[in-house]
Structure formats: C-alpha cells, structure tokens
file start.tsv (TSV, C-alpha atoms)
chain	number	residue	atom	x	y	z
G	1	MET	CA	-29.22	-17.41	-15.45
G	2	MET	CA	-28.05	-14.58	-17.67
G	3	VAL	CA	-24.32	-13.84	-17.60
G	4	ARG	CA	-23.27	-10.27	-18.03
G	5	PRO	CA	-21.12	-9.65	-21.14
G	6	VAL	CA	-17.80	-8.06	-20.22
G	7	ARG	CA	-14.99	-6.36	-22.11
G	8	ILE	CA	-11.45	-6.92	-20.91
G	9	ALA	CA	-8.45	-5.02	-22.30
G	10	VAL	CA	-5.26	-7.11	-22.53
G	11	ASP	CA	-1.68	-5.90	-22.87
G	12	LEU	CA	-0.28	-8.22	-25.56
G	13	LEU	CA	3.32	-6.99	-25.34
G	14	GLY	CA	3.86	-7.52	-21.62
G	15	GLY	CA	5.55	-10.61	-20.19
G	16	ASP	CA	8.57	-12.78	-20.82
G	17	ARG	CA	6.75	-14.86	-23.43
G	18	ALA	CA	4.84	-12.08	-25.16
G	19	PRO	CA	3.12	-11.77	-27.50
G	20	ASP	CA	2.50	-15.43	-28.39
G	21	ALA	CA	1.72	-16.73	-24.89
G	22	VAL	CA	-0.51	-13.73	-24.18
G	23	VAL	CA	-2.46	-14.16	-27.42
G	24	ASP	CA	-2.84	-17.89	-26.73
G	25	GLY	CA	-4.13	-17.13	-23.25
G	26	ALA	CA	-6.53	-14.49	-24.51
G	27	LEU	CA	-7.96	-16.90	-27.10
G	28	ALA	CA	-8.32	-19.60	-24.43
G	29	ALA	CA	-10.26	-17.14	-22.26
G	30	LEU	CA	-12.58	-16.36	-25.18
G	31	ALA	CA	-13.19	-20.06	-25.76
G	32	ALA	CA	-14.08	-20.59	-22.10
G	33	ASP	CA	-16.42	-17.61	-21.80
G	34	PRO	CA	-18.91	-16.99	-24.62
G	35	ASP	CA	-19.94	-13.65	-23.13
G	36	LEU	CA	-16.40	-12.28	-23.09
G	37	HIS	CA	-15.12	-9.62	-25.45
G	38	LEU	CA	-11.51	-8.46	-25.60
G	39	ALA	CA	-9.65	-5.29	-26.54
G	40	LEU	CA	-6.15	-6.47	-27.44
G	41	ALA	CA	-3.36	-3.88	-27.35
G	42	GLY	CA	-0.54	-4.95	-29.65
G	43	PRO	CA	0.80	-5.19	-33.21
G	44	SER	CA	-1.56	-5.28	-36.19
G	45	ARG	CA	0.41	-8.22	-37.61
G	46	LEU	CA	-1.17	-10.42	-34.92
G	47	ARG	CA	-4.72	-9.86	-36.22
G	48	PRO	CA	-4.85	-13.16	-38.20
G	49	ARG	CA	-4.43	-15.05	-34.91
G	50	TRP	CA	-8.01	-14.24	-33.91
G	51	ASP	CA	-9.73	-14.28	-37.31
G	52	ALA	CA	-12.10	-17.00	-36.11
G	53	VAL	CA	-13.41	-14.80	-33.29
G	54	ALA	CA	-12.90	-11.39	-34.91
G	55	ASP	CA	-16.41	-10.29	-33.95
G	56	ARG	CA	-15.43	-10.52	-30.25
G	57	VAL	CA	-12.08	-8.78	-30.50
G	58	THR	CA	-11.09	-5.14	-30.93
G	59	LEU	CA	-7.48	-4.33	-31.80
G	60	LEU	CA	-5.73	-1.40	-30.11
G	61	PRO	CA	-2.79	-1.15	-32.52
G	62	THR	CA	0.72	-0.45	-31.26
G	63	ASP	CA	4.19	-1.95	-31.69
G	64	GLU	CA	5.51	-0.44	-28.47
G	65	GLY	CA	5.97	-2.47	-25.33
G	66	VAL	CA	7.77	-1.62	-22.09
G	67	GLY	CA	11.16	-3.28	-21.64
G	68	MET	CA	12.68	-4.24	-18.31
G	69	SER	CA	15.35	-1.55	-18.75
G	70	ASP	CA	12.82	1.20	-19.54
G	71	SER	CA	11.73	3.79	-17.02
G	72	PRO	CA	8.12	2.69	-16.35
G	73	VAL	CA	6.75	6.18	-15.76
G	74	ARG	CA	8.55	7.73	-18.74
G	75	ALA	CA	7.52	4.89	-21.04
G	76	VAL	CA	3.87	5.17	-20.05
G	77	ARG	CA	3.71	8.95	-20.27
G	78	THR	CA	5.68	9.52	-23.48
G	79	ARG	CA	4.94	6.49	-25.68
G	80	ARG	CA	1.87	4.67	-26.99
G	81	THR	CA	2.78	1.50	-25.19
G	82	SER	CA	0.49	-1.53	-25.13
G	83	VAL	CA	-0.15	-1.28	-21.40
G	84	ARG	CA	-1.04	2.39	-21.68
G	85	LEU	CA	-3.52	1.72	-24.52
G	86	ALA	CA	-5.08	-1.13	-22.56
G	87	VAL	CA	-5.62	1.07	-19.48
G	88	GLU	CA	-6.86	3.95	-21.65
G	89	ALA	CA	-9.57	1.62	-22.93
G	90	VAL	CA	-10.88	1.28	-19.37
G	91	ARG	CA	-10.74	5.01	-18.78
G	92	SER	CA	-12.68	5.72	-21.99
G	93	GLY	CA	-15.29	3.06	-21.28
G	94	ALA	CA	-14.22	0.82	-24.17
G	95	ALA	CA	-13.28	-1.89	-21.65
G	96	ASP	CA	-14.41	-2.82	-18.13
G	97	ALA	CA	-11.04	-4.01	-16.80
G	98	VAL	CA	-7.43	-4.42	-17.84
G	99	VAL	CA	-5.02	-7.37	-17.67
G	100	SER	CA	-1.24	-7.24	-17.99
G	101	VAL	CA	1.58	-9.68	-17.28
G	102	GLY	CA	4.23	-7.13	-18.21
G	103	PRO	CA	6.49	-5.07	-15.93
G	104	THR	CA	4.56	-4.26	-12.76
G	105	GLY	CA	5.97	-0.76	-12.50
G	106	ALA	CA	4.65	0.16	-15.95
G	107	ALA	CA	1.21	-1.28	-15.28
G	108	VAL	CA	0.95	0.56	-11.94
G	109	ALA	CA	2.15	3.80	-13.53
G	110	ALA	CA	-0.39	3.45	-16.35
G	111	ALA	CA	-3.22	2.72	-13.92
G	112	VAL	CA	-2.36	5.69	-11.72
G	113	THR	CA	-1.90	8.03	-14.70
G	114	GLU	CA	-4.98	7.01	-16.65
G	115	LEU	CA	-7.45	5.91	-13.95
G	116	GLY	CA	-6.30	7.90	-10.94
G	117	LYS	CA	-6.04	6.86	-7.29
G	118	LEU	CA	-8.84	6.42	-4.80
G	119	PRO	CA	-9.15	9.40	-2.45
G	120	GLY	CA	-6.84	9.04	0.54
G	121	TYR	CA	-4.72	6.25	-0.95
G	122	ARG	CA	-1.29	7.56	-1.80
G	123	ARG	CA	0.15	4.31	-3.13
G	124	PRO	CA	-1.75	1.47	-4.79
G	125	ALA	CA	-1.07	-2.04	-3.49
G	126	LEU	CA	-1.23	-5.47	-5.10
G	127	ALA	CA	-3.36	-8.06	-3.31
G	128	ALA	CA	-3.05	-11.78	-3.97
G	129	VAL	CA	-5.39	-14.43	-2.56
G	130	LEU	CA	-3.21	-17.38	-1.57
G	131	PRO	CA	-4.22	-20.93	-0.62
G	132	ALA	CA	-3.44	-21.85	2.97
G	133	VAL	CA	-4.03	-24.86	5.18
G	134	ALA	CA	-6.77	-23.25	7.31
G	135	HIS	CA	-8.32	-20.80	4.85
G	136	PRO	CA	-7.33	-18.45	1.99
G	137	VAL	CA	-5.03	-15.59	2.98
G	138	VAL	CA	-4.88	-12.17	1.32
G	139	LEU	CA	-1.27	-10.96	1.07
G	140	VAL	CA	-0.84	-7.25	0.40
G	141	ASP	CA	1.38	-5.67	-1.01
G	142	VAL	CA	2.99	-8.25	-3.33
G	143	GLY	CA	4.95	-5.84	-5.47
G	144	ALA	CA	3.23	-2.62	-6.51
G	145	HIS	CA	5.92	-0.60	-4.67
G	146	ALA	CA	9.16	-1.85	-3.17
G	147	GLY	CA	9.10	0.43	-0.14
G	148	ALA	CA	6.45	1.60	2.30
G	149	SER	CA	5.97	3.91	5.26
G	150	ASP	CA	4.04	3.04	8.39
G	151	SER	CA	1.12	5.06	7.01
G	152	ASP	CA	1.29	3.07	3.77
G	153	LEU	CA	1.08	-0.17	5.74
G	154	VAL	CA	-2.01	1.08	7.54
G	155	ARG	CA	-3.58	1.90	4.17
G	156	HIS	CA	-2.57	-1.55	2.89
G	157	GLY	CA	-4.42	-2.98	5.88
G	158	ARG	CA	-7.55	-1.03	5.02
G	159	LEU	CA	-7.40	-2.04	1.36
G	160	GLY	CA	-6.71	-5.69	2.20
G	161	SER	CA	-9.51	-5.83	4.76
G	162	ALA	CA	-12.02	-4.33	2.34
G	163	PHE	CA	-10.83	-6.68	-0.41
G	164	ALA	CA	-11.27	-9.72	1.86
G	165	ARG	CA	-14.75	-8.59	2.86
G	166	VAL	CA	-15.78	-8.28	-0.78
G	167	THR	CA	-14.04	-11.27	-2.38
G	168	LEU	CA	-14.01	-13.76	0.51
G	169	GLY	CA	-17.28	-12.69	2.13
G	170	LEU	CA	-15.78	-12.12	5.58
G	171	GLY	CA	-17.54	-9.78	7.97
G	172	ALA	CA	-14.49	-8.68	9.96
G	173	PRO	CA	-11.27	-9.96	8.39
G	174	ARG	CA	-8.42	-10.42	10.85
G	175	VAL	CA	-5.48	-8.28	9.77
G	176	GLY	CA	-1.91	-9.16	10.74
G	177	LEU	CA	1.37	-7.35	10.10
G	178	LEU	CA	4.22	-9.54	8.80
G	179	SER	CA	7.28	-9.44	11.04
G	180	VAL	CA	9.99	-11.68	12.52
G	181	GLY	CA	8.03	-12.59	15.64
G	182	THR	CA	4.59	-12.23	17.15
G	183	GLU	CA	5.61	-10.56	20.42
G	184	PRO	CA	4.92	-6.80	20.68
G	185	GLY	CA	7.99	-4.78	19.77
G	186	LYS	CA	9.41	-7.36	17.34
G	187	GLY	CA	10.74	-6.21	13.99
G	188	ASP	CA	12.55	-3.28	12.47
G	189	PRO	CA	11.62	0.38	13.14
G	190	LEU	CA	9.11	0.42	10.28
G	191	ARG	CA	7.26	-2.63	11.59
G	192	LYS	CA	7.25	-1.24	15.16
G	193	LYS	CA	5.73	2.06	14.02
G	194	ALA	CA	3.20	0.31	11.78
G	195	ASP	CA	2.22	-2.07	14.59
G	196	ARG	CA	1.41	0.86	16.87
G	197	ALA	CA	-0.45	2.67	14.10
G	198	LEU	CA	-2.53	-0.37	13.11
G	199	SER	CA	-3.42	-0.98	16.77
G	200	GLY	CA	-5.12	2.40	16.83
G	201	THR	CA	-7.35	1.82	13.80
G	202	ASP	CA	-10.89	0.47	13.51
G	203	LEU	CA	-9.56	-2.60	11.68
G	204	HIS	CA	-9.80	-6.04	13.28
G	205	TYR	CA	-6.05	-5.96	13.85
G	206	ILE	CA	-4.61	-9.00	15.63
G	207	GLY	CA	-0.97	-7.84	15.79
G	208	LEU	CA	2.21	-9.28	14.36
G	209	VAL	CA	2.33	-12.52	12.37
G	210	GLU	CA	5.24	-14.54	11.04
G	211	GLY	CA	6.10	-15.95	7.62
G	212	TYR	CA	4.56	-19.35	8.30
G	213	ASP	CA	1.21	-17.73	9.03
G	214	VAL	CA	0.85	-17.02	5.29
G	215	PRO	CA	0.80	-20.66	4.03
G	216	LEU	CA	-0.79	-22.04	7.20
G	217	GLY	CA	-3.53	-19.45	7.74
G	218	GLY	CA	-5.53	-19.60	10.94
G	219	ARG	CA	-4.34	-16.45	12.68
G	220	ALA	CA	-4.96	-13.80	10.04
G	221	ASP	CA	-7.16	-13.47	6.97
G	222	VAL	CA	-5.12	-10.54	5.65
G	223	VAL	CA	-1.34	-10.24	5.98
G	224	VAL	CA	0.14	-6.80	5.41
G	225	THR	CA	3.69	-6.00	4.36
G	226	ASP	CA	5.72	-3.82	2.00
G	227	GLY	CA	5.89	-4.69	-1.70
G	228	PHE	CA	9.51	-5.86	-1.63
G	229	THR	CA	8.95	-8.35	1.20
G	230	GLY	CA	5.56	-9.40	-0.14
G	231	ASN	CA	6.96	-10.20	-3.56
G	232	VAL	CA	9.75	-12.29	-2.01
G	233	VAL	CA	7.21	-14.18	0.12
G	234	LEU	CA	4.95	-14.80	-2.87
G	235	LYS	CA	7.70	-16.16	-5.10
G	236	THR	CA	9.18	-18.23	-2.29
G	237	LEU	CA	5.80	-19.89	-1.78
G	238	GLU	CA	5.48	-20.55	-5.51
G	239	GLY	CA	8.93	-22.15	-5.57
G	240	SER	CA	8.14	-24.22	-2.48
G	241	LEU	CA	5.04	-25.64	-4.15
G	242	VAL	CA	7.11	-26.67	-7.16
G	243	LEU	CA	9.74	-28.22	-4.88
G	244	ALA	CA	7.02	-30.18	-3.09
G	245	GLY	CA	5.54	-31.35	-6.36
G	246	THR	CA	2.33	-29.45	-5.75
G	247	SER	CA	0.63	-26.72	-7.73
G	248	VAL	CA	-1.89	-24.07	-6.78
G	249	ALA	CA	-5.49	-24.97	-7.56
G	250	ARG	CA	-5.82	-22.57	-10.47
G	251	SER	CA	-9.59	-22.67	-10.61
G	252	ARG	CA	-9.82	-20.77	-7.31
G	253	TYR	CA	-6.40	-19.24	-6.80
G	254	PRO	CA	-4.89	-18.05	-10.09
G	255	ARG	CA	-1.36	-16.70	-10.29
G	256	ALA	CA	-2.70	-13.16	-10.40
G	257	ALA	CA	-3.00	-10.10	-8.19
G	258	THR	CA	-5.52	-7.28	-8.07
G	259	LEU	CA	-4.29	-3.70	-7.94
G	260	LEU	CA	-6.08	-1.93	-5.10
G	261	GLY	CA	-6.27	1.81	-4.55
G	262	VAL	CA	-6.88	2.86	-8.17
G	263	ALA	CA	-10.17	3.88	-9.73
G	264	GLY	CA	-10.74	0.79	-11.85
G	265	THR	CA	-10.29	-2.97	-12.11
G	266	VAL	CA	-6.68	-3.92	-12.87
G	267	VAL	CA	-5.41	-7.52	-12.75
G	268	LEU	CA	-1.68	-8.22	-13.03
G	269	GLY	CA	0.03	-11.55	-13.58
G	270	HIS	CA	3.52	-12.99	-13.29
G	271	GLY	CA	6.05	-11.93	-15.93
G	272	ALA	CA	6.75	-15.60	-16.67
G	273	ALA	CA	3.05	-16.26	-17.30
G	274	GLY	CA	2.08	-18.89	-19.83
G	275	PRO	CA	-1.19	-19.11	-21.76
G	276	THR	CA	-3.07	-20.75	-18.86
G	277	ASP	CA	-1.93	-18.02	-16.46
G	278	VAL	CA	-3.04	-15.31	-18.90
G	279	ALA	CA	-6.43	-16.98	-19.36
G	280	ASP	CA	-6.80	-17.16	-15.57
G	281	CYS	CA	-6.01	-13.44	-15.25
G	282	VAL	CA	-8.68	-12.60	-17.83
G	283	ALA	CA	-11.21	-14.85	-16.09
G	284	LEU	CA	-10.42	-13.24	-12.72
G	285	ALA	CA	-10.93	-9.76	-14.20
G	286	ALA	CA	-14.22	-10.82	-15.81
G	287	THR	CA	-15.47	-12.29	-12.53
G	288	ALA	CA	-14.58	-9.09	-10.67
G	289	VAL	CA	-16.45	-6.97	-13.20
G	290	ARG	CA	-19.56	-9.16	-13.13
G	291	ALA	CA	-19.60	-9.12	-9.33
G	292	HIS	CA	-19.13	-5.31	-9.23
G	293	ASP	CA	-16.14	-5.86	-6.95
G	294	HIS	CA	-14.68	-2.41	-7.48
G	295	ALA	CA	-17.88	-0.63	-6.43
G	296	HIS	CA	-18.24	-2.93	-3.42
G	297	LEU	CA	-14.60	-2.34	-2.46
G	298	ARG	CA	-15.15	1.42	-2.40
G	299	ALA	CA	-18.28	0.92	-0.29
G	300	ALA	CA	-16.37	-1.33	2.10
G	301	LEU	CA	-13.62	1.26	2.49
G	302	GLU	CA	-16.24	3.80	3.53
G	303	LYS	CA	-17.96	1.42	5.97
G	304	PRO	CA	-15.55	0.00	8.58
G	305	ALA	CA	-15.88	-3.68	9.47
G	306	PRO	CA	-17.02	-4.55	13.01
G	307	ARG	CA	-14.18	-5.51	15.35
G	308	ASP	CA	-15.98	-7.98	17.63
G	309	ASP	CA	-15.02	-11.63	17.33
G	310	SER	CA	-18.62	-12.82	17.14
G	311	SER	CA	-19.00	-11.40	13.64
G	312	GLU	CA	-15.53	-12.04	12.29
G	313	ASN	CA	-16.63	-14.64	9.73
G	314	ALA	CA	-20.15	-13.42	9.06
G	315	PRO	CA	-20.61	-12.78	5.32
G	316	MET	CA	-20.95	-9.09	4.66
G	317	ALA	CA	-20.85	-8.98	0.90
G	318	ALA	CA	-24.67	-9.07	0.75
G	319	ALA	CA	-24.86	-5.76	2.59
G	320	LEU	CA	-22.50	-4.23	0.08
G	321	ALA	CA	-24.04	-5.76	-3.03
G	322	ALA	CA	-26.17	-3.83	-5.48
G	323	PRO	CA	-29.94	-4.18	-4.95
G	324	GLY	CA	-31.25	-7.46	-6.34
G	325	GLU	CA	-27.78	-8.99	-6.68
G	326	LYS	CA	-26.65	-11.93	-4.56
G	327	ALA	CA	-23.32	-11.67	-2.80
G	328	ARG	CA	-20.56	-13.78	-4.28
G	329	GLN	CA	-19.72	-16.70	-2.00
call {"tool": "encode", "arguments": {"input": "start.tsv", "output": "structure tokens"}}
result
Amino acid sequence: MMVRPVRIAVDLLGGDRAPDAVVDGALAALAADPDLHLALAGPSRLRPRWDAVADRVTLLPTDEGVGMSDSPVRAVRTRRTSVRLAVEAVRSGAADAVVSVGPTGAAVAAAVTELGKLPGYRRPALAAVLPAVAHPVVLVDVGAHAGASDSDLVRHGRLGSAFARVTLGLGAPRVGLLSVGTEPGKGDPLRKKADRALSGTDLHYIGLVEGYDVPLGGRADVVVTDGFTGNVVLKTLEGSLVLAGTSVARSRYPRAATLLGVAGTVVLGHGAAGPTDVADCVALAATAVRAHDHAHLRAALEKPAPRDDSSENAPMAAALAAPGEKARQ
C-alpha cells in the first residue's frame, strides 16, 4: 500500500533540551519513516547534523528562539523565531503540519497569528489522548490557555467530541466536565455554569466527572476542563506513572497534544521532551496529515454526533472520510 509523503515543520529551538534533543528526535523520525520530509527551523550551524539525509530536509534558518521569560505574543509577532518560521511553513504550503516542544504560549500564539482560528472558536484548546483502564480518554484543555469561561468549556466539549470521533472512531463520544463531585451543582461557579450550558447542547453530555475518571475511563470518553487544571492533571498522571514504575505505551499514546481550534495541524510536546518524545510528536503529526484528520475534524464540528446510547460507540470516521479512503481504526 502506498504511503503518502508528508512534510513536517519542526521548531528546533523549543524545549528544555533544544536544539540537540530536538535534532536527534527529528533524525530518528526520518529513519523510521522513509516517506517523511522535514522543514527544520533553527541555526544554520546545525546543518552538518543531517548531511546524510540532506535531500529530505529543508532548513528554515534562524538563531532566535522563545525563552521562558519572553512575552509569547510579542516574540512571535516581532521576531523571526523558530516556532514562527515553522508555523509559517504550514501557512505557505511548504509543510503539512508543525511540531514544537517549546513554550506552549508561543506555539499557540504563532498558530493563531499565522494559521488563524476556526470560525466560532475563540480560544484554541490542547487535546491529549490518555491511556485509561477502560478505554482511552481525551482530556481537553491541557494547557493552551490557563483560564476559561463557561462558553469556552462548551467549545472545548465540541472540539474534544469531534476529535474523539475522528481519532478514536467513536460515533457519539460521552463528554464529561471535570469537577469535585458527580452530583448536580457540585463545583465552583464556573463549573456550575458550564454544567448547565453543556446540558443544553447537542453533545452526548453525561454530566460531571471526577479526577479518577480520567485514568480509569468508563464514564466519559472526553473530559473537559480549563487549561490550568488540565495541565495539572496531565502532569500528575505522568508523575504517578513514574512513581508506579510504569510508562505510557508510546506507540499508541505519545507524550504529545494536538492543538484544536486553529486552521491547521499543530502538535505540541512536553518542554522536557527527549529525542524519543520529539520523534513521537513528528510521527503523530505525520499520521494526522495522512489520515486527513484536520479536514475530518472540521466536518465533524459541522455535523453533530447522535446523542442516543445505541450508537455511542459506533465508528463514524468512515462517514467523515474522503471518498475512497478507509477510516482510521
């Protein structure tokens, strides 16, 4: 079967271990995927690192990264930073997707500035697919924005539901709102307002869920929260796995998140990412491009999922797939 060649732009100067770990990860991704081509945004001095595969690499030269103390928006708008050049490559058509393990705020700002937001989605959200005892769980938002309004949480629910339909093949993903209890009325004022708002949507909304519903699964396929809380939950789960002497099965659940709500494919990784994590992010982006996930996501957002229980796990990706293309299982 023919595999579609893809071009992924990578921010070489983002991440705690940049640029060496990012370059190592990018080269590992090239070795694993013979139909992969990369646009690497970073210093020209790094060019000798990929001499052996120079025909599959394009350099987007810059010495400017985004530091943790920089204003993300100002850095992206006023300087030729590596993350900005990587996202520009997607906007211009020189790349199909972008990968960064640098500061999340800068990557989100670059994506919004260069690619634009989907109509009706005020704030993008980061979605991570997490392993759970019963089934994978989509957690959204895991850090694109620290705060959220009740309307934002409703939009997160829509984005997460569409994402689960496309990537997990679920017909009517069950959406839950993270709170401190499952009884109606539990939680702070934001959660109470969001609970009422989500109850009035066409989503398959099951109500409030608690923290243990994320690693256990079973009740909800999609768990919605604000970016601050979601990021804390995500990193707590990662730490718990280390404490238990267990690691996430990287082949299916990489340490990566997909930015939803922007007009393009953007995959972001952990700032502490090593070469394997970077390679996983690139592979995830390539898979999304080959499966036309972004186009299917937009179609899913326009076509509400059925709410009846009888169809909750019926694969729907086939209905959203391009003609002649099998749905990804």
call {"tool": "closest_atom_pairs", "arguments": {"input": "start.tsv", "of": "region 126-158 of chain G", "to": "region 164-188 of chain G", "cutoff": "12 Å", "atoms": "all atoms listed in the file", "output": "CSV"}}
result
residue,atom,partner,partner_atom,distance
G:Ala127,CA,G:Ala164,CA,9.6
G:Ala128,CA,G:Ala164,CA,10.3
G:Val129,CA,G:Ala164,CA,8.7
G:Leu130,CA,G:Leu168,CA,11.6
G:His135,CA,G:Leu168,CA,10.0
G:Pro136,CA,G:Leu168,CA,8.3
G:Val137,CA,G:Ala164,CA,8.6
G:Val138,CA,G:Ala164,CA,6.9
G:Leu139,CA,G:Leu178,CA,9.6
G:Val140,CA,G:Leu177,CA,9.9
G:Asp141,CA,G:Leu178,CA,10.9
G:Asp150,CA,G:Leu177,CA,10.9
G:Leu153,CA,G:Leu177,CA,8.4
G:Val154,CA,G:Leu177,CA,9.4
G:Arg155,CA,G:Val175,CA,11.8
G:His156,CA,G:Val175,CA,10.1
G:Gly157,CA,G:Val175,CA,6.7
G:Arg158,CA,G:Val175,CA,8.9
call {"tool": "atom_distance", "arguments": {"input": "start.tsv", "atom1": "CA of Ala39 (chain G)", "atom2": "CA of Gly143 (chain G)"}}
result
25.6 Å
call {"tool": "residues_around", "arguments": {"input": "start.tsv", "residues": "Leu59 (chain G)", "least_positions_apart": "5", "cutoff": "10 Å", "atoms": "only C-alpha atoms", "output": "list in words"}}
result
Ala9, Val10, Leu38, Ala39, Leu40, Ala41, Gly42, Pro43, Ser44, Leu46, Arg47 and Ala54 of chain G
call {"tool": "atom_distance", "arguments": {"input": "start.tsv", "atom1": "CA of Gly102 (chain G)", "atom2": "CA of Arg77 (chain G)"}}
result
16.2 Å
call {"tool": "closest_atom_pairs", "arguments": {"input": "start.tsv", "of": "region 119-183 of chain G", "to": "region 254-274 of chain G", "cutoff": "9 Å", "atoms": "only C-alpha atoms", "output": "CSV"}}
result
residue,atom,partner,partner_atom,distance
G:Pro119,CA,G:Gly261,CA,8.4
G:Gly120,CA,G:Gly261,CA,8.9
G:Tyr121,CA,G:Gly261,CA,5.9
G:Arg122,CA,G:Gly261,CA,8.1
G:Arg123,CA,G:Gly261,CA,7.0
G:Pro124,CA,G:Gly261,CA,4.5
G:Ala125,CA,G:Leu260,CA,5.3
G:Leu126,CA,G:Leu259,CA,4.5
G:Ala127,CA,G:Thr258,CA,5.3
G:Ala128,CA,G:Ala257,CA,4.5
G:Val129,CA,G:Ala257,CA,7.5
G:Leu130,CA,G:Pro254,CA,8.7
G:Val142,CA,G:Ala257,CA,7.9
G:Ala144,CA,G:Leu259,CA,7.7
G:His156,CA,G:Leu260,CA,8.7
G:Leu159,CA,G:Leu260,CA,6.6
G:Gly160,CA,G:Leu260,CA,8.2
G:Phe163,CA,G:Leu260,CA,8.2
call {"tool": "closest_residue", "arguments": {"input": "start.tsv", "among": "G:Val222, G:Leu198, G:Leu208, G:Leu118", "to": "Ala295 (chain G)", "atoms": "only C-alpha atoms"}}
result
G:Leu118
call {"tool": "closest_residue", "arguments": {"input": "start.tsv", "among": "G:Ala299, G:Val22, G:Leu36, G:Leu27", "to": "Ala285 (chain G)", "atoms": "all atoms listed in the file"}}
result
G:Leu36
call {"tool": "atom_distance", "arguments": {"input": "start.tsv", "atom1": "CA of Val282 (chain G)", "atom2": "CA of Pro61 (chain G)"}}
result
19.5 Å
